[in-house]
Structures are given as structure tokens and as C-alpha cells.
There are 2 protein chains.
Amino acid sequence: MADIKELEAMRLLLDLLSDKWTVPILAALCAGGGKQRFNAIRREVPPISQKSLVTCLKRLEMNGLIQRHVLTTGELAVEYRMTPLGHTLDEPVGALLSWSWKHEREVRKAQQEYFSRTEAADDKSGSSTARALPLRLVGR
Amino acid sequence: MADIKELEAMRLLLDLLSDKWTVPILAALCAGGGKQRFNAIRREVPPISQKSLVTCLKRLEMNGLIQRHVLTTGELAVEYRMTPLGHTLDEPVGALLSWSWKHEREVRKAQQEYFSRTEAADDKSGSSTARALPLRLVGR
DNA sequence: CCGTATCCCACGAGATACTG
DNA sequence: CAGTATCTCGTGGGATACGG
């Protein structure tokens, strides 16, 4: 899987993709043929907040994956366009997506089994006291 | 890039990989032939804290990507082993790594240009007032 | 329409101390 | 050796209000 020092470069990409909205935003851009206006993206990626959208777009722009264009029609209009570099994301994102589809079921099954095991282990004191709070889980 | 609703499944994988240490831990496991003991991992992945290591390992275990084995030698010894499912991560992780290697320079260059532009725009009031605080950024 | 500015909370993660 | 328990801090992200 590569040496442990060589992984550093990956942080850049991982930090870029791992937030809540960036990938959906990229998808929205692609859906628009590689370009979309601010609120158009917002409508396609609900329920994203303005703030988050701005943040994600700015980060993508800073890293050269999209470009911001102020349109010169009468009213204020801004269009965001995928750059060639941005389009190269399709490969790694595709790999992530592909893996997710292939193995989603296995993961869910593993989760089930894990909880069966730990629940059984926790039932040392007889019965169940309304297992309520602690279950927010498994990958966020 | 796939429809926007179909991306949900990816969150599982993204949340799994996107934290600070999980990928290095996986690399350490691979380096050990798919299995390693707790502190062996810790030594190979510095400077990870105990707490973070425990957290990452538990999450990987919960999702069926590694398994925890208590060794039955005299003293306390725990070994973590990649499962077959865990090994399938090699593909998406490889894709991320590959992209990072290929495009790292382009990204850094884009960052440079972005800052050149914004610095220039900020220099409206004549000279420079020790640009100190705001610069921590570009992908975290 | 396209943002910026605040306030607020939840969570990842380091430091540190303690247990089987 | 292999963890658990606390404290603390920084940052992501929602809600809301305001500005160009």
C-alpha cells in the first residue's frame, strides 16, 4: 500500500474531499456540464448552507479545481467552472464511489455483527436498561 | 460523475478514511503483512496518540476492515489483522494516492497564483501591514 | 443574486494521568 | 502491554442577520 512517508501528499486530496459538501458540489457542477451558478448549485445540493457553499467553493478555487467567473450580464451573476485539473478528480472520486457501492452491504453486516457481540458482552447484569444514548456511530 | 443522490454511500468510506491517522494505520498493517500489534503500529505511525490509535482501530474494527485478536501468549498481547474486506481498500486508497502524486505540483502552483491574485487585490491601501494572521489554509 | 459577519454547538485530536 | 478517563483547544458546519 505504499510506504508510510509517501502518504503525506494524500492529505491534500483527502482534506479537500472529506468535508460534507465538496463532492456533491462537484457532482452538481458536472451535472451542469462543468459549470453552474452559485444558487443553482445551492438548489441542486440541499440542504447546504450559504456559508458552507462559499467555503467549499473557495477552497476548490484556491486549489485550482474550479474557477470563479463574474458574468457580465446586467445583474450580478457568478458562474463556477470546473478546470481541467478539476475534471481529473473523476478518477479518484469514481474509485471511492465504486468501492462504496460494491462493499456497502458487507460493511453494514459487519456493523451488525459488531454490535451483536458488544451488546451480548454488555448484558452481564441481567437485562436491558433502555439502550438510548450511546449509539451514534460507525463512521461519524 | 454520477447522480447527486447516489453519492450518499460514499460518506461511509470518506468518513472512514478522512481522519488524520486511519490511512497511515492501514499502511502500517500492510507493512506488517496485514497484521500488527498495538504498540508496533504506534511506533510505525508517529506521533499518534494512544487515544487516536484506539479510536481509529475501533472504527476500522466496527466496519469489518480489521479484526482484533487477543494473543494467548503468557503476557497481554493484541494483534490487529486486515480482513479480506480491509484489503479491498487498496483500490480506492491507491487511486487517491495516485492522483496526489500526479497533480500535487499543479495544485501547489494554483495555490500560489491564488495568493498572488488576492494579495494584489488586498494591496489597495498602498503598502503591506505585516500579513500575519489569516493565512493558515488551503485544504485545512 | 452573491456573498460576509456572528454566534453557537459538536466533534477530532493532543496531553496527561490512571488501570488490568 | 493495551487500553480507559478527562480536560482542553481548534475547526467544520448550521442558523441567522446584514451588505453590495
# chains A, B, ... in the order shown; residues from 1 in each chain; ligands from 1

call {"tool": "interface_residues", "arguments": {"of": "chain D", "to": "chain A", "cutoff": "8 Å", "atoms": "only C-alpha atoms (C1' of nucleotides)", "output": "mmCIF file with C-alpha atoms (C1' of nucleotides), in the first residue's frame"}}
result
data_model
loop_
_atom_site.group_PDB
_atom_site.id
_atom_site.type_symbol
_atom_site.label_atom_id
_atom_site.label_comp_id
_atom_site.auth_asym_id
_atom_site.auth_seq_id
_atom_site.Cartn_x
_atom_site.Cartn_y
_atom_site.Cartn_z
ATOM 1 C "C1'" DG D 12 -16.447 22.277 10.476
ATOM 2 C "C1'" DG D 13 -20.873 23.453 9.931
ATOM 3 C "C1'" DG D 14 -25.805 25.130 10.917
#

call {"tool": "residues_around", "arguments": {"residues": "DA2 (chain D)", "least_positions_apart": "4", "cutoff": "12 Å", "atoms": "only C-alpha atoms (C1' of nucleotides)", "output": "list in words"}}
result
Arg37, Phe38, Asn39, Ala40, Arg42, Gln50, Lys51, Leu53, Val54, Arg68, Val70, Leu71, Glu75, Leu76, Ala77, Val78 and Glu79 of chain B; DT19 and DG20 of chain C

call {"tool": "write_last_selection", "arguments": {"atoms": "N, CA, C and O atoms (P, O5', C5', C4', C3', O3' and C1' of nucleotides)", "output": "CSV table (one decimal), in the first residue's frame"}}
result
chain,number,residue,atom,x,y,z
B,37,ARG,N,0.8,-5.6,16.0
B,37,ARG,CA,0.3,-5.4,17.4
B,37,ARG,C,0.2,-3.9,17.7
B,37,ARG,O,0.7,-3.1,17.0
B,38,PHE,N,-0.6,-3.7,18.7
B,38,PHE,CA,-0.9,-2.3,19.1
B,38,PHE,C,0.2,-1.3,19.1
B,38,PHE,O,0.3,-0.4,18.3
B,39,ASN,N,1.2,-1.6,19.9
B,39,ASN,CA,2.3,-0.7,20.0
B,39,ASN,C,3.3,-0.7,18.8
B,39,ASN,O,4.0,0.3,18.6
B,40,ALA,N,3.2,-1.8,18.1
B,40,ALA,CA,4.0,-1.9,16.9
B,40,ALA,C,3.5,-0.8,15.9
B,40,ALA,O,4.2,-0.1,15.2
B,42,ARG,N,1.8,1.8,16.7
B,42,ARG,CA,2.1,3.1,17.3
B,42,ARG,C,3.5,3.6,16.9
B,42,ARG,O,3.8,4.7,16.7
B,50,GLN,N,-2.2,7.6,21.9
B,50,GLN,CA,-2.9,6.3,22.2
B,50,GLN,C,-4.3,6.4,21.9
B,50,GLN,O,-4.9,5.5,21.3
B,51,LYS,N,-4.9,7.5,22.4
B,51,LYS,CA,-6.3,7.7,22.2
B,51,LYS,C,-6.7,7.6,20.8
B,51,LYS,O,-7.7,6.9,20.4
B,53,LEU,N,-5.2,6.3,18.3
B,53,LEU,CA,-5.0,4.9,17.7
B,53,LEU,C,-6.1,4.0,18.1
B,53,LEU,O,-6.7,3.3,17.3
B,54,VAL,N,-6.5,4.1,19.4
B,54,VAL,CA,-7.6,3.2,19.8
B,54,VAL,C,-8.9,3.6,19.0
B,54,VAL,O,-9.6,2.7,18.6
B,68,ARG,N,-9.6,-7.8,15.7
B,68,ARG,CA,-8.8,-7.7,16.9
B,68,ARG,C,-8.7,-9.1,17.4
B,68,ARG,O,-9.7,-9.8,17.7
B,70,VAL,N,-6.8,-11.3,20.5
B,70,VAL,CA,-6.0,-11.3,21.7
B,70,VAL,C,-5.1,-12.6,21.7
B,70,VAL,O,-5.6,-13.7,21.7
B,71,LEU,N,-3.8,-12.4,21.7
B,71,LEU,CA,-2.9,-13.5,21.6
B,71,LEU,C,-2.8,-14.2,22.9
B,71,LEU,O,-2.9,-13.6,24.0
B,75,GLU,N,1.9,-13.1,28.3
B,75,GLU,CA,1.6,-11.7,28.7
B,75,GLU,C,0.5,-11.2,27.8
B,75,GLU,O,0.1,-11.8,26.8
B,76,LEU,N,0.0,-10.0,28.1
B,76,LEU,CA,-1.0,-9.4,27.3
B,76,LEU,C,-0.5,-9.0,25.9
B,76,LEU,O,0.5,-8.2,25.8
B,77,ALA,N,-1.1,-9.4,24.9
B,77,ALA,CA,-0.7,-9.1,23.6
B,77,ALA,C,-1.9,-9.1,22.6
B,77,ALA,O,-2.7,-10.0,22.6
B,78,VAL,N,-2.1,-8.0,21.9
B,78,VAL,CA,-3.2,-7.9,21.0
B,78,VAL,C,-2.7,-7.7,19.6
B,78,VAL,O,-1.9,-6.8,19.3
B,79,GLU,N,-3.3,-8.4,18.6
B,79,GLU,CA,-2.9,-8.2,17.3
B,79,GLU,C,-4.1,-7.8,16.4
B,79,GLU,O,-5.2,-8.3,16.6
C,19,DT,P,-5.9,4.0,38.8
C,19,DT,O5',-7.2,3.6,38.0
C,19,DT,C5',-7.8,2.3,38.1
C,19,DT,C4',-7.5,1.4,36.9
C,19,DT,C3',-7.1,0.1,37.3
C,19,DT,O3',-8.1,-0.9,37.0
C,19,DT,C1',-6.0,0.8,35.4
C,20,DG,P,-8.2,-2.3,37.8
C,20,DG,O5',-7.9,-3.3,36.6
C,20,DG,C5',-8.8,-3.5,35.5
C,20,DG,C4',-8.2,-4.5,34.5
C,20,DG,C3',-7.7,-5.8,35.2
C,20,DG,O3',-7.7,-6.8,34.2
C,20,DG,C1',-5.8,-4.6,34.2

call {"tool": "residues_around", "arguments": {"residues": "Glu91 (chain B)", "least_positions_apart": "5", "cutoff": "10 Å", "atoms": "only C-alpha atoms (C1' of nucleotides)", "output": "PDB file with N, CA, C and O atoms, in the first residue's frame"}}
result
ATOM      1  N   MET A   1       0.820  -1.230   0.000  1.00  0.00           N
ATOM      2  CA  MET A   1       0.000   0.000   0.000  1.00  0.00           C
ATOM      3  C   MET A   1       0.843   1.265   0.000  1.00  0.00           C
ATOM      4  O   MET A   1       0.385   2.338   0.284  1.00  0.00           O
ATOM      5  N   PRO A  92     -10.226   9.422  -8.948  1.00  0.00           N
ATOM      6  CA  PRO A  92     -10.252   9.015  -7.532  1.00  0.00           C
ATOM      7  C   PRO A  92     -11.655   9.009  -6.937  1.00  0.00           C
ATOM      8  O   PRO A  92     -11.995   8.089  -6.176  1.00  0.00           O
ATOM      9  N   ALA A  95     -13.359   5.957  -7.926  1.00  0.00           N
ATOM     10  CA  ALA A  95     -12.871   4.784  -7.200  1.00  0.00           C
ATOM     11  C   ALA A  95     -13.536   4.681  -5.826  1.00  0.00           C
ATOM     12  O   ALA A  95     -13.924   3.594  -5.396  1.00  0.00           O
ATOM     13  N   LEU A  96     -13.678   5.808  -5.174  1.00  0.00           N
ATOM     14  CA  LEU A  96     -14.343   5.821  -3.868  1.00  0.00           C
ATOM     15  C   LEU A  96     -15.793   5.370  -4.003  1.00  0.00           C
ATOM     16  O   LEU A  96     -16.296   4.555  -3.235  1.00  0.00           O
ATOM     17  N   SER A  98     -17.177   3.692  -6.417  1.00  0.00           N
ATOM     18  CA  SER A  98     -17.235   2.291  -6.840  1.00  0.00           C
ATOM     19  C   SER A  98     -17.075   1.356  -5.641  1.00  0.00           C
ATOM     20  O   SER A  98     -17.843   0.404  -5.468  1.00  0.00           O
ATOM     21  N   TRP A  99     -16.093   1.635  -4.815  1.00  0.00           N
ATOM     22  CA  TRP A  99     -15.886   0.803  -3.632  1.00  0.00           C
ATOM     23  C   TRP A  99     -17.122   0.817  -2.739  1.00  0.00           C
ATOM     24  O   TRP A  99     -17.570  -0.217  -2.236  1.00  0.00           O
TER      25      TRP A  99
ATOM     26  N   LEU B  96      -6.519   7.500  -4.742  1.00  0.00           N
ATOM     27  CA  LEU B  96      -6.278   8.785  -4.088  1.00  0.00           C
ATOM     28  C   LEU B  96      -4.792   9.132  -4.109  1.00  0.00           C
ATOM     29  O   LEU B  96      -4.391  10.247  -4.437  1.00  0.00           O
ATOM     30  N   LEU B  97      -3.999   8.130  -3.777  1.00  0.00           N
ATOM     31  CA  LEU B  97      -2.559   8.334  -3.723  1.00  0.00           C
ATOM     32  C   LEU B  97      -2.013   8.669  -5.105  1.00  0.00           C
ATOM     33  O   LEU B  97      -1.209   9.592  -5.276  1.00  0.00           O
TER      34      LEU B  97
END

call {"tool": "interface_residues", "arguments": {"of": "chain C", "to": "chain A", "cutoff": "12 Å", "atoms": "only C-alpha atoms (C1' of nucleotides)", "output": "list of chain:residue names"}}
result
C:DC1, C:DC2, C:DG3, C:DT4, C:DA5, C:DT6, C:DA10, C:DC11, C:DG12

call {"tool": "select_by_dssp", "arguments": {"residues": "chain B", "states": "strand (DSSP E or B)", "output": "ChimeraX atom specification"}}
result
/B:35-37,66-70,78-82
